[in-house]
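Enquirer: Just so it is clear, I am handing over input.txt, which has compact mmCIF, C-alpha atoms.
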```
# COMPACT_ATOMS: atom_id res chain seq x y z
CA MET A 29 -9.17 9.14 16.55
CA SER A 30 -11.46 7.22 18.84
CA ASP A 31 -10.53 3.74 17.63
CA LEU A 32 -6.77 4.19 18.00
CA ILE A 33 -5.45 1.44 20.26
CA ALA A 34 -2.03 2.90 21.05
CA SER A 35 0.64 5.23 19.68
CA TRP A 36 4.30 5.99 20.22
CA VAL A 37 6.43 8.89 19.00
CA ASP A 38 10.14 8.13 19.21
CA GLY A 39 9.24 5.36 21.64
CA VAL A 40 7.20 7.57 23.99
CA PRO A 41 3.63 6.25 24.48
CA GLY A 42 0.92 8.75 23.59
CA ALA A 43 3.37 11.54 22.76
CA SER A 44 2.43 14.34 20.35
CA ILE A 45 4.17 15.19 17.10
CA PRO A 46 5.95 18.59 17.26
CA VAL A 47 4.51 21.30 15.03
CA ASP A 48 7.90 21.77 13.34
CA ASP A 49 8.04 18.19 12.03
CA ARG A 50 8.96 18.17 8.34
CA GLY A 51 6.57 15.30 7.68
CA LEU A 52 3.71 17.63 8.63
CA HIS A 53 5.04 20.62 6.69
CA TYR A 54 6.27 18.94 3.51
CA GLY A 55 5.28 15.26 3.53
CA ASP A 56 8.98 14.65 4.09
CA GLY A 57 9.00 10.98 5.03
CA VAL A 58 7.70 7.52 4.29
CA PHE A 59 5.24 5.10 5.83
CA GLU A 60 4.19 1.47 5.95
CA THR A 61 0.80 -0.08 6.72
CA ILE A 62 1.22 -3.60 8.12
CA LEU A 63 -1.48 -6.15 8.87
CA VAL A 64 -1.02 -7.82 12.27
CA ARG A 65 -2.64 -11.26 12.61
CA GLU A 66 -2.60 -13.00 15.98
CA ARG A 67 0.08 -10.49 17.05
CA VAL A 68 2.34 -11.34 14.09
CA PRO A 69 3.15 -8.41 11.74
CA ARG A 70 2.61 -9.87 8.29
CA PHE A 71 5.49 -9.68 5.76
CA LEU A 72 7.40 -7.48 8.20
CA ASP A 73 10.80 -7.88 6.54
CA ALA A 74 9.38 -6.84 3.16
CA HIS A 75 7.74 -3.77 4.71
CA LEU A 76 10.91 -2.73 6.53
CA ASP A 77 12.98 -3.26 3.40
CA ARG A 78 10.67 -0.94 1.45
CA LEU A 79 10.82 1.57 4.31
CA ARG A 80 14.62 1.46 4.18
CA ARG A 81 14.65 1.96 0.40
CA GLY A 82 12.25 4.89 0.67
CA LEU A 83 14.35 6.58 3.34
CA ALA A 84 17.50 6.06 1.28
CA ALA A 85 15.82 7.59 -1.79
CA LEU A 86 14.84 10.65 0.27
CA ALA A 87 18.34 10.86 1.82
CA ILE A 88 16.92 10.48 5.34
CA ASP A 89 19.48 9.00 7.70
CA PHE A 90 17.80 6.43 9.96
CA PRO A 91 20.14 4.79 12.47
CA ALA A 92 17.23 3.59 14.65
CA ALA A 93 16.22 0.57 12.55
CA ASP A 94 16.82 -1.90 15.39
CA THR A 95 14.95 0.34 17.82
CA LEU A 96 12.01 0.49 15.43
CA ARG A 97 11.90 -3.32 15.24
CA ALA A 98 11.70 -3.48 19.03
CA GLU A 99 8.89 -0.91 19.05
CA ILE A 100 6.99 -2.89 16.40
CA ALA A 101 7.26 -6.02 18.56
CA GLN A 102 6.01 -4.04 21.56
CA ALA A 103 3.03 -2.73 19.60
CA ALA A 104 2.17 -6.12 18.08
CA ALA A 105 2.07 -7.64 21.58
CA LEU A 106 -0.87 -5.32 22.36
CA ALA A 107 -2.78 -6.07 19.17
CA PRO A 108 -6.20 -7.74 19.01
CA PRO A 109 -6.51 -10.79 16.71
CA LEU A 110 -6.56 -8.50 13.66
CA ALA A 111 -5.01 -5.04 13.62
CA ILE A 112 -3.20 -2.49 11.49
CA LEU A 113 0.23 -1.25 12.48
CA LYS A 114 1.18 2.01 10.78
CA ILE A 115 4.82 3.05 10.78
CA ILE A 116 5.79 6.60 9.80
CA VAL A 117 9.36 7.88 9.63
CA THR A 118 9.81 11.58 8.93
CA ARG A 119 12.99 13.59 8.53
CA GLY A 120 12.17 15.01 11.94
CA SER A 121 11.86 18.52 13.32
CA ALA A 122 13.11 21.31 11.08
CA VAL A 123 16.44 22.81 12.05
CA GLN A 124 15.91 25.73 9.66
CA ARG A 125 12.93 27.14 7.76
CA GLY A 126 12.33 26.30 4.10
CA TYR A 127 12.30 23.24 1.92
CA ARG A 128 16.00 22.52 2.12
CA PRO A 129 16.95 20.32 5.09
CA SER A 130 20.06 21.23 7.04
CA ARG A 131 21.26 17.60 7.25
CA GLU A 132 21.27 18.01 11.01
CA GLU A 133 17.68 16.80 11.46
CA ARG A 134 17.03 13.63 13.42
CA ALA A 135 14.55 11.19 11.91
CA ARG A 136 11.34 10.73 13.90
CA ARG A 137 9.55 7.39 14.39
CA ILE A 138 5.76 7.29 14.71
CA VAL A 139 4.10 3.94 15.47
CA THR A 140 0.32 3.60 15.70
CA LEU A 141 -1.88 0.54 16.26
CA TRP A 142 -5.45 0.39 14.96
CA PRO A 143 -8.21 -2.24 15.02
CA THR A 144 -9.41 -3.61 11.71
CA ALA A 145 -11.87 -6.22 10.44
CA PRO A 146 -11.45 -8.98 7.87
CA LEU A 147 -12.69 -8.37 4.37
CA ASP A 148 -16.30 -9.46 4.00
CA ARG A 149 -16.26 -13.08 2.85
CA SER A 150 -18.72 -12.40 0.03
CA LEU A 151 -16.34 -9.83 -1.47
CA ALA A 152 -13.41 -12.21 -1.20
CA LEU A 153 -15.39 -14.93 -3.00
CA GLN A 154 -17.48 -12.93 -5.48
CA GLY A 155 -15.26 -9.94 -6.13
CA VAL A 156 -15.44 -6.19 -5.66
CA GLU A 157 -16.67 -3.41 -7.92
CA LEU A 158 -14.39 -0.56 -8.96
CA ALA A 159 -15.08 2.88 -10.38
CA ILE A 160 -12.64 4.83 -12.57
CA SER A 161 -11.20 7.97 -11.04
CA PRO A 162 -11.48 11.11 -13.20
CA LEU A 163 -8.27 12.39 -11.60
CA PRO A 164 -5.22 11.42 -13.70
CA LEU A 165 -1.89 10.56 -12.15
CA PRO A 166 1.19 12.29 -13.55
CA GLY A 167 3.03 10.42 -16.25
CA TYR A 168 6.23 10.45 -14.24
CA SER A 169 7.22 10.95 -10.62
CA PRO A 170 10.80 10.91 -9.31
CA PHE A 171 9.35 9.07 -6.30
CA ALA A 172 7.76 6.24 -8.32
CA GLY A 173 7.40 3.05 -6.32
CA LEU A 174 7.95 4.76 -2.94
CA LYS A 175 5.34 4.99 -0.21
CA HIS A 176 6.09 8.59 0.70
CA LEU A 177 3.86 10.78 2.85
CA ASN A 178 2.50 13.00 0.05
CA ARG A 179 -0.59 11.10 -1.13
CA LEU A 180 -2.74 14.02 -2.27
CA GLU A 181 -3.75 12.42 -5.59
CA ASN A 182 -5.04 9.39 -3.69
CA VAL A 183 -6.86 11.60 -1.18
CA LEU A 184 -8.62 13.61 -3.88
CA ALA A 185 -9.45 10.50 -5.91
CA SER A 186 -10.98 9.00 -2.78
CA VAL A 187 -13.05 12.15 -2.19
CA GLN A 188 -14.30 12.02 -5.78
CA GLY A 189 -14.98 8.27 -5.66
CA GLY A 190 -17.25 6.21 -3.47
CA ILE A 191 -20.08 5.99 -5.98
CA GLY A 192 -22.73 3.37 -5.23
CA ASN A 193 -21.31 0.04 -4.09
CA THR A 194 -17.84 0.53 -5.52
CA PHE A 195 -15.00 -0.72 -3.33
CA GLU A 196 -12.56 1.87 -4.63
CA SER A 197 -11.45 3.51 -7.90
CA LEU A 198 -8.90 2.75 -10.58
CA MET A 199 -6.33 5.45 -11.22
CA LEU A 200 -5.03 6.11 -14.73
CA SER A 201 -2.16 8.20 -16.03
CA ALA A 202 -2.85 11.27 -18.18
CA ALA A 203 -1.96 9.07 -21.17
CA GLY A 204 -4.67 6.56 -20.25
CA GLN A 205 -2.44 3.84 -18.81
CA VAL A 206 -3.86 1.88 -15.88
CA ILE A 207 -1.62 2.47 -12.85
CA SER A 208 -3.32 1.18 -9.70
CA GLY A 209 -6.29 1.49 -7.41
CA ILE A 210 -6.43 4.35 -4.92
CA SER A 211 -5.02 2.08 -2.19
CA SER A 212 -4.23 -1.08 -4.12
CA ASN A 213 -2.20 -2.55 -6.94
CA VAL A 214 -3.90 -4.00 -9.99
CA PHE A 215 -3.45 -7.35 -11.74
CA VAL A 216 -5.21 -8.86 -14.73
CA VAL A 217 -5.42 -12.51 -15.76
CA ARG A 218 -4.64 -13.20 -19.39
CA ALA A 219 -3.78 -16.40 -21.26
CA GLY A 220 -3.18 -18.33 -18.05
CA GLY A 221 -0.79 -15.77 -16.56
CA VAL A 222 -1.04 -12.52 -14.63
CA LEU A 223 0.04 -9.01 -15.59
CA THR A 224 0.48 -5.93 -13.43
CA PRO A 225 1.33 -2.38 -14.51
CA PRO A 226 4.93 -1.33 -13.84
CA VAL A 227 5.45 1.29 -11.13
CA ASP A 228 8.83 2.58 -12.27
CA ARG A 229 7.38 5.89 -13.51
CA VAL A 230 4.45 6.47 -11.15
CA GLY A 231 2.55 4.53 -8.49
CA VAL A 232 3.45 2.54 -5.38
CA ALA A 233 5.20 -0.82 -5.38
CA GLY A 234 2.95 -2.55 -2.85
CA VAL A 235 4.26 -5.31 -0.61
CA MET A 236 1.37 -7.61 -1.50
CA ARG A 237 2.09 -6.93 -5.18
CA GLN A 238 5.65 -8.08 -4.49
CA ILE A 239 4.35 -11.24 -2.81
CA VAL A 240 2.10 -12.08 -5.78
CA LEU A 241 5.03 -11.65 -8.18
CA ARG A 242 7.07 -13.94 -5.91
CA GLU A 243 4.45 -16.64 -5.34
CA ALA A 244 2.85 -16.87 -8.79
CA PRO A 245 5.84 -18.62 -10.44
CA ARG A 246 5.93 -21.11 -7.53
CA LEU A 247 2.38 -22.07 -8.56
CA GLY A 248 3.38 -22.38 -12.21
CA ILE A 249 1.72 -19.06 -13.09
CA VAL A 250 3.65 -16.65 -15.30
CA ALA A 251 3.66 -13.17 -13.73
CA LEU A 252 4.85 -10.13 -15.69
CA GLU A 253 4.96 -6.36 -15.36
CA GLN A 254 3.38 -4.83 -18.44
CA GLY A 255 1.66 -1.56 -19.31
CA LEU A 256 -2.11 -1.76 -19.66
CA THR A 257 -4.66 0.54 -21.23
CA LEU A 258 -8.24 0.51 -20.01
CA ASP A 259 -9.30 -1.33 -23.18
CA GLU A 260 -6.62 -3.98 -22.61
CA LEU A 261 -7.75 -4.35 -19.02
CA ARG A 262 -11.36 -4.87 -20.13
CA ALA A 263 -10.22 -7.53 -22.61
CA ALA A 264 -8.58 -9.60 -19.88
CA ASP A 265 -9.96 -12.90 -18.62
CA GLY A 266 -10.10 -11.71 -15.03
CA MET A 267 -8.83 -9.10 -12.62
CA PHE A 268 -7.81 -8.71 -8.99
CA ILE A 269 -6.43 -6.07 -6.65
CA THR A 270 -3.98 -6.37 -3.78
CA ASN A 271 -2.85 -4.52 -0.70
CA ALA A 272 -1.44 -5.38 2.70
CA ARG A 273 -4.78 -5.25 4.52
CA ILE A 274 -7.05 -7.14 2.11
CA GLY A 275 -4.54 -9.50 0.45
CA VAL A 276 -5.63 -10.81 -2.97
CA VAL A 277 -9.20 -9.83 -3.89
CA PRO A 278 -10.99 -10.59 -7.18
CA VAL A 279 -12.69 -7.81 -9.15
CA ARG A 280 -16.09 -8.54 -10.65
CA ARG A 281 -16.81 -5.19 -12.25
CA VAL A 282 -15.03 -2.04 -13.44
CA GLY A 283 -17.59 0.57 -14.42
CA GLU A 284 -20.00 -1.24 -16.73
CA HIS A 285 -17.60 -4.04 -17.61
CA VAL A 286 -18.09 -7.36 -15.79
CA PHE A 287 -15.28 -9.86 -15.23
CA GLY A 288 -15.76 -13.58 -14.69
CA MET A 289 -14.13 -15.35 -11.78
CA THR A 290 -10.99 -17.29 -12.68
CA GLU A 291 -9.25 -20.24 -11.06
CA ILE A 292 -5.95 -18.36 -11.08
CA VAL A 293 -7.20 -15.67 -8.69
CA THR A 294 -8.58 -18.31 -6.33
CA ARG A 295 -5.31 -20.27 -6.42
CA LEU A 296 -3.24 -17.19 -5.68
CA ARG A 297 -5.50 -16.05 -2.84
CA ASN A 298 -5.58 -19.52 -1.27
CA ALA A 299 -1.78 -19.88 -1.53
CA ILE A 300 -0.94 -16.41 -0.19
CA GLU A 301 -3.57 -16.04 2.54
CA PRO A 302 -1.82 -18.36 5.06
CA LEU A 303 1.58 -16.72 4.59
CA ASP A 304 3.11 -14.25 7.03
CA ALA A 305 6.58 -13.99 5.50
```
Would you write out, as structure tokens, the structure that this file holds?
Expert:
Amino acid sequence: MSDLIASWVDGVPGASIPVDDRGLHYGDGVFETILVRERVPRFLDAHLDRLRRGLAALAIDFPAADTLRAEIAQAAALAPPLAILKIIVTRGSAVQRGYRPSREERARRIVTLWPTAPLDRSLALQGVELAISPLPLPGYSPFAGLKHLNRLENVLASVQGGIGNTFESLMLSAAGQVISGISSNVFVVRAGGVLTPPVDRVGVAGVMRQIVLREAPRLGIVALEQGLTLDELRAADGMFITNARIGVVPVRRVGEHVFGMTEIVTRLRNAIEPLDA
């Protein structure tokens, strides 16, 4: 891609990914998307911890954790004031054909650095508009919470979305439970606290979601994981979405339903925005 700043494959600048890589064939791996501000990878330890947990869940041996940290530092040193660092770890090149790994594969590290721009200030202050994806998520995934490489539901929902001025789309389960946005986690404000759908059955446990759940109690705000239907979401006092790139962003509209702005969203955004760890 033309706006790629730099890339490394197993530490080699500009190297290509072999055609036998299992990440390409089967989505056999995990990834992290990290915001880099003033050459500092934001919430790096949290991202690397989730990467480690994802690799463990997929039974991918990854002895190069310290090497990856050094490569991240090298990439961040080249970053403009605001950038995205994407880390992909696959199981590596296939030793044998077929789904079943041989256990002799060697995990592959892919590090890429991309420019990005801050969220438009008007969206941060006034909120974004969301559509509702017609594509349901499965009710259960054995990979719930993980940021694995197979994101086909999100890809198709993104293809089907993009209507009008919507920022992105909400994704629901087949049973009608609110799960997340296409590339974000969802929170609602209710009775002075915040609620977010659990991701123990389906969905991704975002790092910024984790930071909100950590920081809200420090501000005296009760934060809970709780299932939400679309009707319950619409009945909330306010709503916001989160991800690593945009941080905490208020939602002003979902479909035809309009949310008011709440002090809680502003407090959380103002408290979290300066943090890097």
Enquirer: Give me, as a tab-separated table, each residue of stretch 93-190 of chain A that comes within 6 Å of stretch 209-228 of chain A, together with its shortest interatomic pair and the distance in Å at one decimal, counting only C-alpha atoms, with rows ordered by chain and rising residue number.
Expert:
```
residue	atom	partner	partner_atom	distance
A:Ala172	CA	A:Asp228	CA	5.5
A:Gly173	CA	A:Val227	CA	5.5
A:Asn182	CA	A:Ile210	CA	5.4
```
Enquirer: Of the candidates A:Arg125, A:His176, A:Arg50, A:Arg237, which one gets nearest to A:Leu296 if we count all atoms listed in the file?
Expert: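 Among the listed residues, the smallest separation from A:Leu296 belongs to A:Arg237.
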Enquirer: Calculated over only C-alpha atoms, which of the candidates A:Leu110, A:Ala159, A:Val37, A:Leu165 has the smallest distance to A:Arg137?
Expert: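 Comparing A:Leu110, A:Ala159, A:Val37, A:Leu165 against A:Arg137, the winner is A:Val37.
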Enquirer: Choose the residue, out of A:Gly189, A:Gly57, A:Pro143, A:Pro109, that has the smallest atom-to-atom separation from A:Leu158; count only C-alpha atoms.
Expert: A:Gly189
Enquirer: Between A:Ala84, A:Leu79, A:Met267, A:Val250, which has the minimum distance to A:Leu96 (counting all atoms listed in the file)?
Expert: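 Of A:Ala84, A:Leu79, A:Met267, A:Val250, the one nearest A:Leu96 is A:Leu79, counting all atoms listed in the file.
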Enquirer: What is the atom CA of A:Gly283-atom CA of A:Ala152 distance in Å, reported with one decimal?
Expert: 18.9 Å
Enquirer: A:Arg273, A:Gly82, A:Met236, A:Arg119: which is nearest A:Ala145, counting only C-alpha atoms?
Expert: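 With only C-alpha atoms as the atom set, the closest residue is A:Arg273.
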Enquirer: Could you check the closest approach to A:Thr144 for each of A:Lys175, A:Arg65, A:Arg295, A:His53 and tell me which residue wins, using all atoms listed in the file?
Expert: A:Arg65
Enquirer: In Å, rounded to a single decimal, give me how far atom CA of A:Ser208 is from atom CA of A:Ala251.
Expert: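 Here the two named atoms are 16.5 Å from each other.
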